[in-house]
Amino acid sequence: MINIDADFVPDSVFWAVDNEAPLTFKEGEGEAARSVSTNELVERLLDPTRGHYQLAVLGPAGTGKSHLIHRIRQRVQGRPGFEILAVRRLETNLRAILEKLIDRLPADRRDRYHTELKKAGPALSTPEVQRGTLLDSLAQAIEEDVRRPDSGIDPELEDALLAALPNMFRDPYLRKEKFLKLGEVVPELVDRLFSSREGKRLEERVLFERSNLPLDGIALLNCSMQAREAIEIFLYDSDRYIPATLDVINRSLDRAIARALNFSGDQLGNLMGEIRSYLKTRDKELVILFEEFARLQGYDASMLAALLVQGGDTLCNVRWALACTTGRFRELPDTVRTRMDGIIDMEGAPPKSRPSRGVT
C-alpha cells in the first residue's frame, strides 16, 4: 500500500499531484474575505516591508490545512536570507520537537538545553513509568497552583479543589483503575510526549472532560479517605462543581507536561530568543511553520509568547504560520488572535472574482 500523505511523499511527487485551488484569505479577524493564491500568500509572508508576519490556517480535520503549510514550506525553502523551521504533522513527538529546536543553535550553545532535557530521559524509560510520572506531575502542578482572581470560580471552592485534587490523583486505587488506563487523558498525553506519532493526527489539545473523572464504575470504599473527600467536593453539586473541577485540572496540564519533560515554558522562551539572536548574527530571518499546532500542547502558550516578540537590534525578524482547528484558534489569547496579519479559512469557499470592466 502506498502512503499518499503529503508528509511522506518526495517533493517531486508532491508537486506532480498537487492541485492548487484559490484560498479564502482575511487580513485578520472580522475583515472581509477575498481570494488569494499560494504564491500571493507566500509573498505576503515574506514581504520585506514587514518585519513580522503571523498567519493562521484554520479548518476542521481533512480540509488540507497541513497540506497548505507543506506547500508554503516548499515555496519558501531555498530562498536566501531565510531559515526555515517546520514542525511537521506526522513525524515525531513533543520531546523530539524540543530537540529539533535546540539543534538550530550552534553546537557550543546547545549543551545546557540538551542536558536539561536529557535529565528526564533515564528516569522515563518505559510507558508505564512515563504515565506515572506525568500523573505525579499533574498532582504537583495543582498543589503548587494558587487561587486566581479571574478564574470565575467561587474562592472557597477553588481553595478546596486546589487542596484536595492532588490527593485524588495520588490515590493508588484510582491511579490503577482510572487515571492510568489506556484511553484516559494521561496515557494519551504520554503518547504525544514520548511516542512515535507517525500516522496519527492531533487536531485538538487533550483535556480532562467529565468522563475522565472517577464518577462511574469506581468503588469509593477502595479509595483513601483523602481521595474520597476530593470526589465528594465535586459530587456535592455536580452541575456547578464539575466544570470548576475540570477548569482547575486542565489549567495545570501545561505545567505538568513541562515538569515531566524537565523543560519549562521559560526555557523554551529563552531557547527561541537564542535561536533568533544567533540568526540575527547571520543576517537571516526565521520562518517557522506548524503543520499541526496541537502537537505543541504544554508549550503552545510559551511558543506564541516568544513568537509575538518583534525583531530588532538583537533578535531576527520572525514570520510564522500555524495550522489548527477554528475551535482551537478561538481558545488562543486575544493578544494572539488580534495580532494575526492573515487568516486562511480552509472550509469557506473563496469569494468569486469580479469580472473585469469591458468584458462581456
# chains A, B, ... in the order shown; residues from 1 in each chain; ligands from 1
>>> select_by_dssp(residues="segment 127-242 of chain A", states="alpha helix (DSSP H)", output="MDAnalysis selection string")
chainID A and resid 127:144 155:170 172:174 185:194 225:236 238:242
>>> residues_around(residues="segment 111-119 of chain A", least_positions_apart="2", cutoff="12 Å", atoms="only C-alpha atoms", output="PyMOL selection string")
chain A and resi 94-109+121-125+258-264+266-272+274
>>> write_last_selection(atoms="C-alpha atoms", output="compact mmCIF listing (two decimals), in the first residue's frame")
# COMPACT_ATOMS: atom_id res chain seq x y z
CA LEU A 94 6.89 16.71 21.59
CA ARG A 95 10.23 15.79 23.11
CA ALA A 96 11.72 15.41 19.63
CA ILE A 97 10.31 18.81 18.63
CA LEU A 98 12.20 20.40 21.53
CA GLU A 99 15.36 18.60 20.43
CA LYS A 100 14.81 19.85 16.88
CA LEU A 101 14.63 23.43 18.14
CA ILE A 102 17.76 23.03 20.26
CA ASP A 103 19.68 21.71 17.26
CA ARG A 104 19.13 25.02 15.44
CA LEU A 105 21.69 26.57 17.79
CA PRO A 106 25.42 26.29 17.11
CA ALA A 107 26.96 23.24 18.79
CA ASP A 108 28.62 25.17 21.62
CA ARG A 109 25.28 26.66 22.72
CA GLY A 121 15.37 10.58 29.92
CA PRO A 122 16.81 7.72 32.02
CA ALA A 123 14.03 8.06 34.59
CA LEU A 124 11.32 7.74 31.93
CA SER A 125 12.41 4.53 30.27
CA ALA A 258 6.80 20.78 31.30
CA ARG A 259 7.65 19.20 34.65
CA ALA A 260 7.54 15.68 33.18
CA LEU A 261 9.88 16.70 30.35
CA ASN A 262 12.11 18.71 32.70
CA PHE A 263 11.90 21.65 30.29
CA SER A 264 9.89 24.69 31.33
CA ASP A 266 10.51 29.83 30.31
CA GLN A 267 13.32 27.65 28.98
CA LEU A 268 11.52 27.40 25.65
CA GLY A 269 11.19 31.19 25.56
CA ASN A 270 14.91 31.55 26.25
CA LEU A 271 15.72 28.96 23.58
CA MET A 272 13.67 30.79 20.95
CA GLU A 274 18.81 32.42 21.49
>>> closest_residue(among="A:Ile84, A:Val36, A:Val186, A:Leu157", to="Asp237 of chain A", atoms="only C-alpha atoms")
A:Leu157
>>> select_by_dssp(residues="segment 7-182 of chain A", states="strand (DSSP E)", output="list in words")
Leu23, Thr24, Phe25, Lys26, Arg34, Ser35, Val36, His52, Tyr53, Gln54, Leu55, Ala56, Val57, Leu58, Phe82, Glu83, Ile84, Leu85, Ala86 and Val87 of chain A
>>> write_last_selection(atoms="C-alpha atoms", output="mmCIF file, in the first residue's frame")
data_model
loop_
_atom_site.group_PDB
_atom_site.id
_atom_site.type_symbol
_atom_site.label_atom_id
_atom_site.label_comp_id
_atom_site.auth_asym_id
_atom_site.auth_seq_id
_atom_site.Cartn_x
_atom_site.Cartn_y
_atom_site.Cartn_z
ATOM 1 C CA LEU A 23 -7.704 30.268 -0.876
ATOM 2 C CA THR A 24 -10.109 32.271 1.290
ATOM 3 C CA PHE A 25 -8.000 34.966 2.950
ATOM 4 C CA LYS A 26 -8.712 37.644 5.566
ATOM 5 C CA ARG A 34 -11.016 37.592 -0.581
ATOM 6 C CA SER A 35 -9.412 35.010 -2.814
ATOM 7 C CA VAL A 36 -5.627 34.576 -2.982
ATOM 8 C CA HIS A 52 6.951 40.378 11.277
ATOM 9 C CA TYR A 53 4.143 38.253 9.835
ATOM 10 C CA GLN A 54 1.668 35.940 11.563
ATOM 11 C CA LEU A 55 -0.629 33.610 9.648
ATOM 12 C CA ALA A 56 -3.318 31.198 10.850
ATOM 13 C CA VAL A 57 -4.645 28.393 8.646
ATOM 14 C CA LEU A 58 -7.989 27.253 10.037
ATOM 15 C CA PHE A 82 15.555 32.812 5.498
ATOM 16 C CA GLU A 83 15.966 29.963 7.975
ATOM 17 C CA ILE A 84 13.046 27.532 7.667
ATOM 18 C CA LEU A 85 11.916 25.553 10.695
ATOM 19 C CA ALA A 86 8.992 23.224 10.018
ATOM 20 C CA VAL A 87 7.172 21.356 12.777
#
>>> atom_distance(atom1="atom CA of Met168 of chain A", atom2="atom CA of Asp254 of chain A")
18.9 Å
>>> closest_residue(among="A:Ser252, A:Leu246, A:Leu215, A:Glu229", to="Val146 of chain A", atoms="only C-alpha atoms")
A:Ser252
>>> closest_residue(among="A:Gly298, A:Gly30, A:Pro214, A:Pro22", to="Leu253 of chain A", atoms="only C-alpha atoms")
A:Gly298
>>> atom_distance(atom1="atom CA of Phe169 of chain A", atom2="atom CA of Val185 of chain A")
12.3 Å
>>> closest_residue(among="A:Asp145, A:Asp334, A:Asp154, A:Glu188", to="Val248 of chain A", atoms="only C-alpha atoms")
A:Asp145
>>> closest_residue(among="A:Pro155, A:Gly311, A:Pro127, A:Gly78", to="Val190 of chain A", atoms="only C-alpha atoms")
A:Pro127
>>> atom_distance(atom1="atom CA of Ile275 of chain A", atom2="atom CA of Val287 of chain A")
11.7 Å
>>> residues_around(residues="Ala32 of chain A", least_positions_apart="5", cutoff="12 Å", atoms="only C-alpha atoms", output="MDAnalysis selection string")
chainID A and resid 24:27 342:345 350:351
>>> residues_around(residues="Phe290 of chain A", least_positions_apart="3", cutoff="7 Å", atoms="only C-alpha atoms", output="list in words")
Ala86, Val87, Arg88, Phe293, Ala321, Leu322 and Ala323 of chain A
>>> residues_around(residues="Ala244 of chain A", least_positions_apart="2", cutoff="12 Å", atoms="only C-alpha atoms", output="count of residues only")
31
>>> residues_around(residues="Pro80 of chain A", least_positions_apart="4", cutoff="10 Å", atoms="only C-alpha atoms", output="list in words")
Val76, Lys284 and Glu285 of chain A
